[in-house]
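*Asks:* Following this message is one structure expressed as structure tokens.
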Amino acid sequence: MLVNRGLDTEVSLARPAPKPTDEDRQIYEEMAELTRCVEMMTQTIREMEAPVSSTSEQLPLANSHLGELAKMTEDGTHKVMSLTEEIETNRRNLLEQIDRLAEGVPPEQTHLVNHIRDGLKADETRLTDIAVALSFQDLVAQRVAKLMTVLDEIQHKMLRVLVIFGIQKKEGAAAKDGRGDEMLKQLEASKHTALQQEVVDDILSKLGCK
Amino acid sequence: MLDTSIKVLVVDDMSTMRRIVKNVLRQIGYENITEAENGQDALNKLKGGGFGLVVSDWNMPVMSGIELLRAVRADGELKSVPFLMVTAEAQKDNIIEAVQAGVSNYVVKPFTAEALQDKLQKIFAKK
């Protein structure tokens with residue numbers, strides 16, 4: 001509480017101290033309340049500083065892990081692709097051998113050769129389906145890249161918060177003009193607005209592109 | 001019937017996707033396939049001549065698929081090369097932008113071999 005004791009003492013020598021009015025008491029109470037608020041804010045900022053600082057240091061690590069994750073899925077996909085290609089080569093060789101073998105097979109056993117040939121042909125479609133299914137990796141990598149940009153942006157903003165609290169107590173919300181926000185919006189939007197092939201075809205058709 | 005003897009350029013910054021698209025194209029019957037890892041790389045290769053089809057991703061560093069498409073359509077020598085966009089960018093605005101830029105057709109990732117073959121047949125049926 002701010003009270004000028006010197007003036008109070010001097011005045012008391014000349015005449016009795018005036019009794020505080022209701023207005024004075026109200027001002028003192030408001031000042032006390034303001035002081036408590038400032039102390040509480042200072043304490044809150046001090047408590048927030050450590051976790052914010054720690055999180056902003058952890059974010060680059062999280063980003064790095066995400067990058068590794070994308071690399072791991074890429075390596076895994078290449079491995080599966082290589083094995084798929086080897087199986088496909090093997091399948092083609094077997095088909096050629098079956099065709100040669102079929103020439104010397106007695107008529108009553110032709111159905112067995114045809115059965116093997118049908119099985120090998122069906123595997124061609126399955127192998128292609130495996131290869132195409134691996135395109136998930138590209139979608140994962142694209143989303144991971146967007147998340148990495150978001151994390152980078154968050155780290156940048158957290159560092160700004162630390163600096164701002166050290167200089168001034170209060171400022172409006174951080175500006176939402178970075179690439180991170182844009183990427184986050186894109187990720188969120190793609191959940192609801194990404195179109196299926198049929199819808200894309202319909203739009204293409206309406207635009208005169210069938 | 002598709003003319004599978006043509007030279008195809010597969011453009012994608014992800015090596016896995018280039019490999020997947022190449023494998024599917026091979027299964028359809030295409031054997032003469034060249035790869036490019038971004039639009040600029042693709043444009044340089046296209047200017048070398050001889051390509052009968054471009055299969056391109058949208059999101060790529062250096063030069064995106066849509067920028068490549070515009071560059072191809074603006075080039076007197078390349079403007080008639082069929083251009084198939086294979087992309088995860090499946091927003092309505094993207095499709096409209098691609099059509100306005102002169103895309104021949106559009107396939108959404110993840111796609112099936114049948115979808116790719118169907119689109120190729122439609123592209124070449126129109127020619």
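FYI, nothing fancy with the structure tokens labels: chains A, B, ... in order, residues from 1 per chain, ligands from 1 as they appear.
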Write out as an MDAnalysis selection string each polymer residue whose atoms come within 8 Å of Leu139 of chain A, counting only C-alpha atoms; drop sequence neighbours fewer than 6 positions from it.
*Replies:* chainID B and resid 88 109:110
*Asks:* Output as a PyMOL selection string the set of chain A residues within 9 Å of chain B, with distances taken over only C-alpha atoms.
*Replies:* chain A and resi 74-75+77-78+81+85+124-125+128-129+131-139+141-142+190+193-197+200-201+203-204+207-210
*Asks:* Tell me which protein, DNA and RNA residues are within 8 Å of segment 65-71 of chain B, counting only C-alpha atoms, leaving out same-chain ones fewer than 2 positions away, and put them as an mmCIF file with N, CA and C atoms, in the first residue's frame.
*Replies:*
```
data_model
loop_
_atom_site.group_PDB
_atom_site.id
_atom_site.type_symbol
_atom_site.label_atom_id
_atom_site.label_comp_id
_atom_site.auth_asym_id
_atom_site.auth_seq_id
_atom_site.Cartn_x
_atom_site.Cartn_y
_atom_site.Cartn_z
ATOM 1 N N ASN B 38 11.206 -33.576 -60.229
ATOM 2 C CA ASN B 38 10.415 -32.350 -60.030
ATOM 3 C C ASN B 38 10.070 -31.770 -61.405
ATOM 4 N N GLY B 39 9.278 -30.709 -61.399
ATOM 5 C CA GLY B 39 8.815 -30.127 -62.658
ATOM 6 C C GLY B 39 9.938 -29.639 -63.548
ATOM 7 N N GLN B 40 10.940 -29.029 -62.942
ATOM 8 C CA GLN B 40 12.048 -28.479 -63.731
ATOM 9 C C GLN B 40 12.837 -29.584 -64.417
ATOM 10 N N ALA B 42 11.690 -32.462 -65.112
ATOM 11 C CA ALA B 42 10.802 -33.017 -66.140
ATOM 12 C C ALA B 42 10.828 -32.164 -67.413
ATOM 13 N N LEU B 43 10.758 -30.860 -67.221
ATOM 14 C CA LEU B 43 10.733 -29.947 -68.380
ATOM 15 C C LEU B 43 12.014 -30.087 -69.208
ATOM 16 N N SER B 56 2.249 -36.970 -63.823
ATOM 17 C CA SER B 56 2.928 -36.102 -62.856
ATOM 18 C C SER B 56 2.173 -35.925 -61.541
ATOM 19 N N ASP B 57 2.948 -35.789 -60.475
ATOM 20 C CA ASP B 57 2.435 -35.420 -59.149
ATOM 21 C C ASP B 57 2.182 -33.913 -59.160
ATOM 22 N N TRP B 58 1.474 -33.423 -58.142
ATOM 23 C CA TRP B 58 1.206 -31.971 -58.047
ATOM 24 C C TRP B 58 2.250 -31.304 -57.153
ATOM 25 N N ASN B 59 2.344 -31.806 -55.897
ATOM 26 C CA ASN B 59 3.225 -31.170 -54.910
ATOM 27 C C ASN B 59 4.671 -31.615 -55.068
ATOM 28 N N MET B 60 5.492 -30.725 -55.558
ATOM 29 C CA MET B 60 6.917 -31.047 -55.713
ATOM 30 C C MET B 60 7.739 -29.793 -55.466
ATOM 31 N N MET B 63 9.769 -27.042 -58.939
ATOM 32 C CA MET B 63 8.657 -26.685 -59.829
ATOM 33 C C MET B 63 7.527 -27.697 -59.619
ATOM 34 N N ARG B 73 2.038 -26.695 -71.667
ATOM 35 C CA ARG B 73 0.983 -26.188 -72.557
ATOM 36 C C ARG B 73 1.399 -24.879 -73.244
ATOM 37 N N ALA B 74 2.357 -24.181 -72.645
ATOM 38 C CA ALA B 74 2.807 -22.906 -73.245
ATOM 39 C C ALA B 74 3.932 -23.117 -74.253
ATOM 40 N N ASP B 75 4.430 -24.350 -74.339
ATOM 41 C CA ASP B 75 5.547 -24.638 -75.232
ATOM 42 C C ASP B 75 5.005 -25.190 -76.565
ATOM 43 N N PHE B 83 -1.176 -35.164 -70.593
ATOM 44 C CA PHE B 83 -0.656 -34.894 -69.257
ATOM 45 C C PHE B 83 -1.653 -35.433 -68.223
ATOM 46 N N MET B 85 -2.430 -36.007 -64.304
ATOM 47 C CA MET B 85 -2.046 -35.578 -62.956
ATOM 48 C C MET B 85 -2.426 -36.693 -61.977
ATOM 49 N N ALA B 98 -6.412 -27.377 -62.529
ATOM 50 C CA ALA B 98 -5.716 -28.282 -63.453
ATOM 51 C C ALA B 98 -6.411 -28.322 -64.812
ATOM 52 N N ALA B 101 -5.713 -25.320 -66.704
ATOM 53 C CA ALA B 101 -4.324 -25.300 -67.199
ATOM 54 C C ALA B 101 -4.122 -26.274 -68.351
ATOM 55 N N GLY B 102 -5.140 -27.124 -68.596
ATOM 56 C CA GLY B 102 -5.051 -28.027 -69.744
ATOM 57 C C GLY B 102 -4.672 -29.459 -69.420
ATOM 58 N N VAL B 103 -5.027 -29.927 -68.213
ATOM 59 C CA VAL B 103 -4.702 -31.319 -67.858
ATOM 60 C C VAL B 103 -5.545 -32.274 -68.707
#
```
*Asks:* What gap, in Å, lies between atom CA of Val161 of chain A and atom CA of Ala145 of chain A?
*Replies:*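 One can read the atom CA of Val161 of chain A to atom CA of Ala145 of chain A distance as 24.6 Å.
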*Asks:* Which residues are close to segment 93-98 of chain A, i.e. within 8 Å by only C-alpha atoms, leaving aside same-chain residues fewer than 3 positions away? Reply as a list in words.
*Replies:*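 What passes the distance filter is Thr89, Asn90, Leu101, Ala102, Val113, Ile116, Arg117 and Leu120 of chain A.
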*Asks:* What's around Val54 of chain B at 8 Å? Count only C-alpha atoms, leave out sequence neighbours fewer than 3 positions away in its own chain, and write the answer as a PyMOL selection string.
*Replies:* chain B and resi 8-11+51+81-84
*Asks:* Please identify the helix (DSSP H, G or I) residues within segment 37-127 of chain B (assignment by DSSP from backbone atoms) and present them as a ChimeraX atom specification.
*Replies:* /B:39-47,65-74,92-101,113-126
*Asks:* For Ala62 of chain A, please output as a list in words all residues within 12 Å (counting only C-alpha atoms; exclusion window: fewer than 2 positions along the same chain).
*Replies:* Thr55, Ser56, Glu57, Gln58, Leu59, Pro60, Ser64, His65, Leu66, Gly67, Glu68, Leu69, Val144, Leu147, Met148, Thr149, Val150, Leu151, Asp152, Ile154 and Gln155 of chain A
*Asks:* Quick one: distance from atom CA of Glu88 of chain A to atom CA of Arg126 of chain A in Å, one decimal?
*Replies:*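 Straight-line distance from atom CA of Glu88 of chain A to atom CA of Arg126 of chain A works out to 10.1 Å.
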